[in-house]
file protein.pdb (PDB, C-alpha atoms)
MODEL        1
ATOM      1  CA  MET A   1       0.000   0.000   0.000  1.00  0.00           C
ATOM      2  CA  LYS A   2       1.467   3.339  -1.058  1.00  0.00           C
ATOM      3  CA  ASP A   3       1.272   6.431   1.092  1.00  0.00           C
ATOM      4  CA  ILE A   4       0.011   9.515  -0.680  1.00  0.00           C
ATOM      5  CA  ASN A   5       1.464  12.735   0.632  1.00  0.00           C
ATOM      6  CA  VAL A   6      -0.370  15.956  -0.027  1.00  0.00           C
ATOM      7  CA  ASN A   7       1.235  19.266   0.782  1.00  0.00           C
ATOM      8  CA  VAL A   8      -1.086  21.711   2.493  1.00  0.00           C
ATOM      9  CA  THR A   9      -0.932  25.358   1.596  1.00  0.00           C
ATOM     10  CA  LEU A  10      -3.289  27.717   3.331  1.00  0.00           C
ATOM     11  CA  GLN A  11      -4.739  30.505   1.293  1.00  0.00           C
ATOM     12  CA  SER A  12      -4.934  33.854   2.995  1.00  0.00           C
ATOM     13  CA  SER A  13      -8.738  33.527   3.156  1.00  0.00           C
ATOM     14  CA  SER A  14      -8.399  30.210   5.030  1.00  0.00           C
ATOM     15  CA  ARG A  15      -5.805  31.298   7.564  1.00  0.00           C
ATOM     16  CA  LYS A  16      -8.282  33.239   9.680  1.00  0.00           C
ATOM     17  CA  ILE A  17     -10.625  30.227   9.773  1.00  0.00           C
ATOM     18  CA  VAL A  18      -7.910  27.837  10.926  1.00  0.00           C
ATOM     19  CA  ALA A  19      -6.698  30.327  13.530  1.00  0.00           C
ATOM     20  CA  ALA A  20     -10.236  30.595  14.922  1.00  0.00           C
ATOM     21  CA  TYR A  21     -10.000  26.977  16.072  1.00  0.00           C
ATOM     22  CA  GLY A  22      -6.851  27.659  18.111  1.00  0.00           C
ATOM     23  CA  PRO A  23      -8.518  29.083  21.268  1.00  0.00           C
ATOM     24  CA  MET A  24     -10.558  25.879  21.586  1.00  0.00           C
ATOM     25  CA  PHE A  25      -7.471  23.769  22.249  1.00  0.00           C
ATOM     26  CA  GLY A  26      -7.512  22.342  25.780  1.00  0.00           C
ATOM     27  CA  LYS A  27     -11.184  23.222  26.299  1.00  0.00           C
ATOM     28  CA  GLN A  28     -14.271  21.056  25.968  1.00  0.00           C
ATOM     29  CA  LEU A  29     -17.081  20.781  23.465  1.00  0.00           C
ATOM     30  CA  HIS A  30     -20.426  19.487  24.668  1.00  0.00           C
ATOM     31  CA  THR A  31     -23.338  17.781  23.019  1.00  0.00           C
ATOM     32  CA  VAL A  32     -26.414  15.873  24.190  1.00  0.00           C
ATOM     33  CA  ARG A  33     -27.638  12.324  23.709  1.00  0.00           C
ATOM     34  CA  ARG A  34     -30.972  10.815  24.710  1.00  0.00           C
ATOM     35  CA  VAL A  35     -30.499   7.354  26.189  1.00  0.00           C
ATOM     36  CA  ASN A  36     -32.789   4.684  27.628  1.00  0.00           C
ATOM     37  CA  ILE A  37     -32.574   4.461  31.413  1.00  0.00           C
ATOM     38  CA  ASP A  38     -33.393   0.753  31.145  1.00  0.00           C
ATOM     39  CA  ASN A  39     -30.652  -0.505  28.844  1.00  0.00           C
ATOM     40  CA  LYS A  40     -32.548  -3.790  28.444  1.00  0.00           C
ATOM     41  CA  TYR A  41     -35.779  -2.140  27.306  1.00  0.00           C
ATOM     42  CA  ASN A  42     -35.532  -3.300  23.690  1.00  0.00           C
ATOM     43  CA  GLU A  43     -34.666  -6.825  24.831  1.00  0.00           C
ATOM     44  CA  LYS A  44     -37.666  -6.909  27.182  1.00  0.00           C
ATOM     45  CA  LYS A  45     -39.934  -5.577  24.438  1.00  0.00           C
ATOM     46  CA  ALA A  46     -38.790  -8.262  22.024  1.00  0.00           C
ATOM     47  CA  ASP A  47     -39.229 -11.008  24.660  1.00  0.00           C
ATOM     48  CA  PHE A  48     -42.639  -9.794  25.846  1.00  0.00           C
ATOM     49  CA  PRO A  49     -44.678 -12.491  24.012  1.00  0.00           C
ATOM     50  CA  ASP A  50     -42.713 -15.145  25.909  1.00  0.00           C
ATOM     51  CA  THR A  51     -42.086 -13.486  29.280  1.00  0.00           C
ATOM     52  CA  GLY A  52     -45.049 -11.141  29.733  1.00  0.00           C
ATOM     53  CA  THR A  53     -42.744  -8.625  31.437  1.00  0.00           C
ATOM     54  CA  LEU A  54     -44.589  -5.332  31.915  1.00  0.00           C
ATOM     55  CA  ILE A  55     -42.864  -2.367  30.283  1.00  0.00           C
ATOM     56  CA  PRO A  56     -43.932   1.171  29.300  1.00  0.00           C
ATOM     57  CA  ILE A  57     -45.200   1.552  25.753  1.00  0.00           C
ATOM     58  CA  VAL A  58     -42.218   3.845  25.124  1.00  0.00           C
ATOM     59  CA  PRO A  59     -38.850   3.708  26.908  1.00  0.00           C
ATOM     60  CA  ILE A  60     -38.109   6.077  29.763  1.00  0.00           C
ATOM     61  CA  THR A  61     -35.173   8.214  28.693  1.00  0.00           C
ATOM     62  CA  ARG A  62     -32.743  10.691  30.139  1.00  0.00           C
ATOM     63  CA  TYR A  63     -30.815  13.481  28.467  1.00  0.00           C
ATOM     64  CA  LYS A  64     -27.076  12.986  28.897  1.00  0.00           C
ATOM     65  CA  ILE A  65     -24.436  15.659  28.318  1.00  0.00           C
ATOM     66  CA  ILE A  66     -21.400  14.363  26.438  1.00  0.00           C
ATOM     67  CA  HIS A  67     -18.122  16.181  27.099  1.00  0.00           C
ATOM     68  CA  VAL A  68     -15.356  16.089  24.500  1.00  0.00           C
ATOM     69  CA  ASP A  69     -11.869  17.329  25.404  1.00  0.00           C
ATOM     70  CA  VAL A  70     -10.179  19.086  22.510  1.00  0.00           C
ATOM     71  CA  MET A  71      -6.722  17.484  22.617  1.00  0.00           C
ATOM     72  CA  SER A  72      -5.479  17.781  19.073  1.00  0.00           C
ATOM     73  CA  MET A  73      -6.200  19.600  15.835  1.00  0.00           C
ATOM     74  CA  GLU A  74      -4.993  18.967  12.322  1.00  0.00           C
ATOM     75  CA  VAL A  75      -5.511  20.577   8.966  1.00  0.00           C
ATOM     76  CA  VAL A  76      -6.060  17.605   6.688  1.00  0.00           C
ATOM     77  CA  PRO A  77      -6.532  17.679   2.902  1.00  0.00           C
ATOM     78  CA  ASP A  78      -8.208  14.949   0.908  1.00  0.00           C
ATOM     79  CA  ILE A  79      -6.787  13.537  -2.313  1.00  0.00           C
ATOM     80  CA  GLU A  80      -8.226  16.473  -4.243  1.00  0.00           C
ATOM     81  CA  GLY A  81      -6.720  19.012  -1.889  1.00  0.00           C
ATOM     82  CA  ARG A  82      -9.923  20.017  -0.113  1.00  0.00           C
ATOM     83  CA  ILE A  83      -9.098  20.953   3.467  1.00  0.00           C
ATOM     84  CA  SER A  84     -10.892  19.866   6.624  1.00  0.00           C
ATOM     85  CA  ILE A  85     -10.234  20.559  10.280  1.00  0.00           C
ATOM     86  CA  VAL A  86      -9.877  17.297  12.201  1.00  0.00           C
ATOM     87  CA  ILE A  87     -10.216  17.496  15.980  1.00  0.00           C
ATOM     88  CA  ASN A  88      -8.918  14.580  18.077  1.00  0.00           C
ATOM     89  CA  LYS A  89      -7.867  12.557  15.050  1.00  0.00           C
ATOM     90  CA  GLY A  90      -7.981   8.845  15.875  1.00  0.00           C
ATOM     91  CA  LEU A  91      -8.671   9.449  19.581  1.00  0.00           C
ATOM     92  CA  LYS A  92     -11.232   7.621  21.749  1.00  0.00           C
ATOM     93  CA  ASP A  93     -12.737   8.262  25.159  1.00  0.00           C
ATOM     94  CA  SER A  94     -12.405   5.978  28.189  1.00  0.00           C
ATOM     95  CA  SER A  95     -15.333   3.868  26.918  1.00  0.00           C
ATOM     96  CA  GLY A  96     -13.675   3.276  23.576  1.00  0.00           C
ATOM     97  CA  ASN A  97     -15.949   5.642  21.637  1.00  0.00           C
ATOM     98  CA  SER A  98     -14.416   7.817  18.966  1.00  0.00           C
ATOM     99  CA  ILE A  99     -14.115  11.510  19.850  1.00  0.00           C
ATOM    100  CA  GLU A 100     -12.812  12.489  16.426  1.00  0.00           C
ATOM    101  CA  LEU A 101     -14.612  15.426  14.843  1.00  0.00           C
ATOM    102  CA  ILE A 102     -14.210  16.415  11.195  1.00  0.00           C
ATOM    103  CA  ARG A 103     -15.235  19.926  10.280  1.00  0.00           C
ATOM    104  CA  PRO A 104     -15.303  21.601   6.869  1.00  0.00           C
ATOM    105  CA  LEU A 105     -13.030  24.570   6.331  1.00  0.00           C
ATOM    106  CA  LYS A 106     -15.359  27.259   7.640  1.00  0.00           C
ATOM    107  CA  MET A 107     -15.607  29.285  10.798  1.00  0.00           C
ATOM    108  CA  PRO A 108     -16.298  27.119  13.872  1.00  0.00           C
ATOM    109  CA  GLU A 109     -19.939  26.990  14.886  1.00  0.00           C
ATOM    110  CA  PHE A 110     -19.651  25.660  18.415  1.00  0.00           C
ATOM    111  CA  ASP A 111     -21.225  28.671  20.114  1.00  0.00           C
ATOM    112  CA  VAL A 112     -24.744  27.460  19.347  1.00  0.00           C
ATOM    113  CA  GLU A 113     -27.252  28.772  21.851  1.00  0.00           C
ATOM    114  CA  PRO A 114     -28.309  25.805  24.038  1.00  0.00           C
ATOM    115  CA  THR A 115     -32.053  26.250  23.628  1.00  0.00           C
ATOM    116  CA  ILE A 116     -34.440  23.308  23.918  1.00  0.00           C
ATOM    117  CA  ASP A 117     -34.908  23.304  20.131  1.00  0.00           C
ATOM    118  CA  ASN A 118     -31.146  23.345  19.469  1.00  0.00           C
ATOM    119  CA  ILE A 119     -30.610  20.536  21.967  1.00  0.00           C
ATOM    120  CA  LYS A 120     -33.187  18.446  20.124  1.00  0.00           C
ATOM    121  CA  ARG A 121     -31.412  19.287  16.864  1.00  0.00           C
ATOM    122  CA  ALA A 122     -28.136  18.163  18.428  1.00  0.00           C
ATOM    123  CA  ILE A 123     -29.725  14.853  19.380  1.00  0.00           C
ATOM    124  CA  SER A 124     -31.094  14.412  15.854  1.00  0.00           C
ATOM    125  CA  SER A 125     -27.667  15.184  14.383  1.00  0.00           C
ATOM    126  CA  THR A 126     -26.002  12.341  16.316  1.00  0.00           C
ATOM    127  CA  GLY A 127     -23.830  10.403  13.905  1.00  0.00           C
ATOM    128  CA  SER A 128     -24.154  13.050  11.207  1.00  0.00           C
ATOM    129  CA  ALA A 129     -20.868  13.757   9.500  1.00  0.00           C
ATOM    130  CA  ASP A 130     -22.232  16.871   7.813  1.00  0.00           C
ATOM    131  CA  ASN A 131     -23.430  19.071  10.647  1.00  0.00           C
ATOM    132  CA  PRO A 132     -23.140  17.660  14.175  1.00  0.00           C
ATOM    133  CA  ILE A 133     -24.054  20.257  16.785  1.00  0.00           C
ATOM    134  CA  TYR A 134     -21.818  21.031  19.760  1.00  0.00           C
ATOM    135  CA  PHE A 135     -22.057  23.649  22.490  1.00  0.00           C
ATOM    136  CA  THR A 136     -19.467  25.558  24.517  1.00  0.00           C
ATOM    137  CA  ASN A 137     -21.664  27.259  27.130  1.00  0.00           C
ATOM    138  CA  LEU A 138     -21.794  24.396  29.641  1.00  0.00           C
ATOM    139  CA  SER A 139     -23.694  26.314  32.337  1.00  0.00           C
ATOM    140  CA  ARG A 140     -26.614  27.212  30.091  1.00  0.00           C
ATOM    141  CA  LEU A 141     -26.556  23.784  28.449  1.00  0.00           C
ATOM    142  CA  THR A 142     -26.761  22.090  31.864  1.00  0.00           C
ATOM    143  CA  GLU A 143     -29.702  24.309  32.821  1.00  0.00           C
ATOM    144  CA  ALA A 144     -31.598  23.471  29.620  1.00  0.00           C
ATOM    145  CA  VAL A 145     -30.861  19.740  29.866  1.00  0.00           C
ATOM    146  CA  GLY A 146     -31.991  19.864  33.496  1.00  0.00           C
ATOM    147  CA  GLN A 147     -35.369  21.208  32.358  1.00  0.00           C
ATOM    148  CA  LEU A 148     -35.758  18.313  29.929  1.00  0.00           C
ATOM    149  CA  ASN A 149     -34.841  15.738  32.575  1.00  0.00           C
ATOM    150  CA  LYS A 150     -37.196  17.365  35.111  1.00  0.00           C
ATOM    151  CA  ALA A 151     -40.031  17.116  32.587  1.00  0.00           C
ATOM    152  CA  ASN A 152     -39.276  13.415  32.146  1.00  0.00           C
ATOM    153  CA  LEU A 153     -39.061  12.966  35.925  1.00  0.00           C
ATOM    154  CA  THR A 154     -42.532  14.503  36.302  1.00  0.00           C
ATOM    155  CA  ARG A 155     -43.938  12.054  33.754  1.00  0.00           C
ATOM    156  CA  VAL A 156     -42.211   9.141  35.502  1.00  0.00           C
ATOM    157  CA  ASN A 157     -43.641  10.163  38.898  1.00  0.00           C
ATOM    158  CA  GLN A 158     -47.116  10.426  37.365  1.00  0.00           C
ATOM    159  CA  PHE A 159     -46.648   6.970  35.886  1.00  0.00           C
ATOM    160  CA  ILE A 160     -45.545   5.622  39.285  1.00  0.00           C
ATOM    161  CA  GLU A 161     -48.697   7.045  40.899  1.00  0.00           C
ATOM    162  CA  GLU A 162     -50.851   5.396  38.240  1.00  0.00           C
ATOM    163  CA  LEU A 163     -49.074   2.072  38.813  1.00  0.00           C
ATOM    164  CA  ARG A 164     -49.467   2.477  42.578  1.00  0.00           C
ATOM    165  CA  GLY A 165     -53.199   2.950  42.076  1.00  0.00           C
ATOM    166  CA  GLN A 166     -53.379  -0.191  39.929  1.00  0.00           C
ATOM    167  CA  ALA A 167     -51.339  -2.140  42.492  1.00  0.00           C
ATOM    168  CA  ASN A 168     -53.744  -1.025  45.238  1.00  0.00           C
ATOM    169  CA  CYS A 169     -56.669  -2.132  43.080  1.00  0.00           C
ATOM    170  CA  LEU A 170     -55.166  -5.637  42.777  1.00  0.00           C
ATOM    171  CA  SER A 171     -54.433  -5.791  46.499  1.00  0.00           C
ATOM    172  CA  ASN A 172     -57.978  -4.692  47.367  1.00  0.00           C
ATOM    173  CA  THR A 173     -59.434  -7.251  44.955  1.00  0.00           C
ATOM    174  CA  ILE A 174     -57.513 -10.066  46.653  1.00  0.00           C
ATOM    175  CA  SER A 175     -58.659  -8.909  50.109  1.00  0.00           C
ATOM    176  CA  LYS A 176     -62.300  -8.583  49.040  1.00  0.00           C
ATOM    177  CA  ASP A 177     -62.297 -12.012  47.411  1.00  0.00           C
ATOM    178  CA  ASN A 178     -60.842 -13.618  50.537  1.00  0.00           C
ATOM    179  CA  SER A 179     -63.348 -11.784  52.747  1.00  0.00           C
ATOM    180  CA  TYR A 180     -66.210 -12.934  50.532  1.00  0.00           C
ATOM    181  CA  VAL A 181     -65.115 -16.571  50.908  1.00  0.00           C
ATOM    182  CA  THR A 182     -65.059 -16.188  54.703  1.00  0.00           C
ATOM    183  CA  GLU A 183     -68.525 -14.601  54.822  1.00  0.00           C
ATOM    184  CA  TYR A 184     -69.945 -17.154  52.408  1.00  0.00           C
ATOM    185  CA  ARG A 185     -68.698 -20.065  54.504  1.00  0.00           C
ATOM    186  CA  LYS A 186     -70.148 -18.458  57.627  1.00  0.00           C
ATOM    187  CA  SER A 187     -73.520 -18.188  55.903  1.00  0.00           C
ATOM    188  CA  LEU A 188     -73.368 -21.954  55.336  1.00  0.00           C
ATOM    189  CA  GLY A 189     -72.406 -22.611  58.927  1.00  0.00           C
ATOM    190  CA  GLU A 190     -68.921 -23.771  57.961  1.00  0.00           C
ATOM    191  CA  THR A 191     -65.835 -23.083  60.043  1.00  0.00           C
ATOM    192  CA  ASP A 192     -62.134 -23.367  59.411  1.00  0.00           C
ATOM    193  CA  ASP A 193     -62.169 -26.646  61.369  1.00  0.00           C
ATOM    194  CA  ASP A 194     -64.731 -28.216  59.075  1.00  0.00           C
ATOM    195  CA  SER A 195     -63.278 -30.704  56.688  1.00  0.00           C
ATOM    196  CA  VAL A 196     -64.611 -33.220  54.262  1.00  0.00           C
ATOM    197  CA  ASN A 197     -63.162 -36.700  54.081  1.00  0.00           C
ATOM    198  CA  VAL A 198     -63.688 -38.602  50.863  1.00  0.00           C
ATOM    199  CA  ASN A 199     -63.086 -42.364  51.048  1.00  0.00           C
ATOM    200  CA  VAL A 200     -62.486 -44.184  47.826  1.00  0.00           C
ATOM    201  CA  THR A 201     -62.601 -47.985  47.717  1.00  0.00           C
ATOM    202  CA  ALA A 202     -61.012 -49.643  44.756  1.00  0.00           C
ATOM    203  CA  THR A 203     -61.883 -53.236  43.824  1.00  0.00           C
ATOM    204  CA  VAL A 204     -59.461 -55.144  41.663  1.00  0.00           C
ATOM    205  CA  GLU A 205     -60.885 -58.145  39.825  1.00  0.00           C
TER
ENDMDL
END
call {"tool": "encode", "arguments": {"input": "protein.pdb", "output": "structure tokens"}}
result
Amino acid sequence: MKDINVNVTLQSSSRKIVAAYGPMFGKQLHTVRRVNIDNKYNEKKADFPDTGTLIPIVPITRYKIIHVDVMSMEVVPDIEGRISIVINKGLKDSSGNSIELIRPLKMPEFDVEPTIDNIKRAISSTGSADNPIYFTNLSRLTEAVGQLNKANLTRVNQFIEELRGQANCLSNTISKDNSYVTEYRKSLGETDDDSVNVNVTATVE
């Protein structure tokens, strides 16, 4: 396999763009992912016909902030000489996930306002090579993500209350049924000491 070396020459119009990435070195970029709290939800859903395990109709999720340390930057041309900015080339996080970011040669757009709509856009852009969305204002991002998680927490607590009501209904049904048996036996004059003996005689010819 032959190595192809391409010399990079920055045009004056590109130099300002590349320099704009410099202040980001050593800082963090942040994005958001929505993940299932129950990491076996899909497995339980698939096995439901066999197991009958009760699960919500949709998974309960949380919004998780992903932090990416900017540890390296390279100006990398392709075979046709088009230049990209590669952040963290070939690097992975402690979980083994790639933290490499490839950006086209244009001014960095990491100062996106962390509104609820932009966070949802960031989630939708997960895995997109064209326009992944990252944020730099961690304080405001954390506040917005907190609002989303609080909204989910409210729905979960409401769901718990509904389940508690259904559990109480089952418990009350069991108690009422047992009480009915007791009252019915009393009406027949039966007691707990009453028993019926059935004798079976078998004749073998």
call {"tool": "closest_residue", "arguments": {"input": "protein.pdb", "among": "A:Ile37, A:Ala122, A:Ile102, A:Leu141", "to": "Leu153 of chain A", "atoms": "only C-alpha atoms"}}
result
A:Ile37
call {"tool": "closest_atom_pairs", "arguments": {"input": "protein.pdb", "of": "segment 46-90 of chain A", "to": "segment 132-137 of chain A", "cutoff": "12 Å", "atoms": "only C-alpha atoms", "output": "Markdown table"}}
result
| residue | atom | partner | partner_atom | distance |
| --- | --- | --- | --- | --- |
| A:Ile65 | CA | A:Phe135 | CA | 10.2 |
| A:Ile66 | CA | A:Tyr134 | CA | 9.4 |
| A:His67 | CA | A:Tyr134 | CA | 9.5 |
| A:Val68 | CA | A:Tyr134 | CA | 9.4 |
| A:Asp69 | CA | A:Thr136 | CA | 11.2 |
| A:Val70 | CA | A:Thr136 | CA | 11.5 |
call {"tool": "resolve_selection", "arguments": {"input": "protein.pdb", "expression": "the PyMOL selection byres ((chain A and resi 89-96) around 10)", "output": "list in words"}}
result
His67, Val68, Asp69, Met71, Ser72, Met73, Glu74, Val76, Ile85, Val86, Ile87, Asn88, Asn97, Ser98, Ile99, Glu100, Leu101 and Ile102 of chain A
call {"tool": "atom_distance", "arguments": {"input": "protein.pdb", "atom1": "atom CA of Lys16 of chain A", "atom2": "atom CA of Pro108 of chain A"}}
result
10.9 Å
call {"tool": "atom_distance", "arguments": {"input": "protein.pdb", "atom1": "atom CA of Asp38 of chain A", "atom2": "atom CA of Ser139 of chain A"}}
result
27.4 Å
call {"tool": "atom_distance", "arguments": {"input": "protein.pdb", "atom1": "atom CA of Glu109 of chain A", "atom2": "atom CA of Thr126 of chain A"}}
result
15.9 Å
call {"tool": "closest_atom_pairs", "arguments": {"input": "protein.pdb", "of": "segment 22-116 of chain A", "to": "segment 159-170 of chain A", "cutoff": "12 Å", "atoms": "only C-alpha atoms", "output": "JSON lines"}}
result
{"residue": "A:Leu54", "atom": "CA", "partner": "A:Leu163", "partner_atom": "CA", "distance": 11.1}
{"residue": "A:Ile55", "atom": "CA", "partner": "A:Leu163", "partner_atom": "CA", "distance": 11.4}
{"residue": "A:Pro56", "atom": "CA", "partner": "A:Phe159", "partner_atom": "CA", "distance": 9.2}
{"residue": "A:Ile57", "atom": "CA", "partner": "A:Phe159", "partner_atom": "CA", "distance": 11.6}
{"residue": "A:Ile60", "atom": "CA", "partner": "A:Phe159", "partner_atom": "CA", "distance": 10.5}
call {"tool": "resolve_selection", "arguments": {"input": "protein.pdb", "expression": "the PyMOL selection byres ((chain A and resi 21) around 9)", "output": "mmCIF file with C-alpha atoms, in the frame of the given file"}}
result
data_model
loop_
_atom_site.group_PDB
_atom_site.id
_atom_site.type_symbol
_atom_site.label_atom_id
_atom_site.label_comp_id
_atom_site.auth_asym_id
_atom_site.auth_seq_id
_atom_site.Cartn_x
_atom_site.Cartn_y
_atom_site.Cartn_z
ATOM 1 C CA ILE A 17 -10.625 30.227 9.773
ATOM 2 C CA VAL A 18 -7.910 27.837 10.926
ATOM 3 C CA ALA A 19 -6.698 30.327 13.530
ATOM 4 C CA ALA A 20 -10.236 30.595 14.922
ATOM 5 C CA GLY A 22 -6.851 27.659 18.111
ATOM 6 C CA PRO A 23 -8.518 29.083 21.268
ATOM 7 C CA MET A 24 -10.558 25.879 21.586
ATOM 8 C CA PHE A 25 -7.471 23.769 22.249
ATOM 9 C CA MET A 73 -6.200 19.600 15.835
ATOM 10 C CA ILE A 85 -10.234 20.559 10.280
ATOM 11 C CA MET A 107 -15.607 29.285 10.798
ATOM 12 C CA PRO A 108 -16.298 27.119 13.872
#
call {"tool": "residues_around", "arguments": {"input": "protein.pdb", "residues": "Arg140 of chain A", "least_positions_apart": "5", "cutoff": "12 Å", "atoms": "all atoms listed in the file", "output": "list in words"}}
result
His30, Ile65, Asp111, Val112, Glu113, Pro114, Thr115, Ile116, Ile119, Phe135, Val145, Gly146 and Gln147 of chain A
call {"tool": "residues_around", "arguments": {"input": "protein.pdb", "residues": "Lys44 of chain A", "least_positions_apart": "3", "cutoff": "9 Å", "atoms": "only C-alpha atoms", "output": "list of chain:residue names"}}
result
A:Lys40, A:Tyr41, A:Asp47, A:Phe48, A:Thr51, A:Gly52, A:Thr53, A:Leu54, A:Ile55
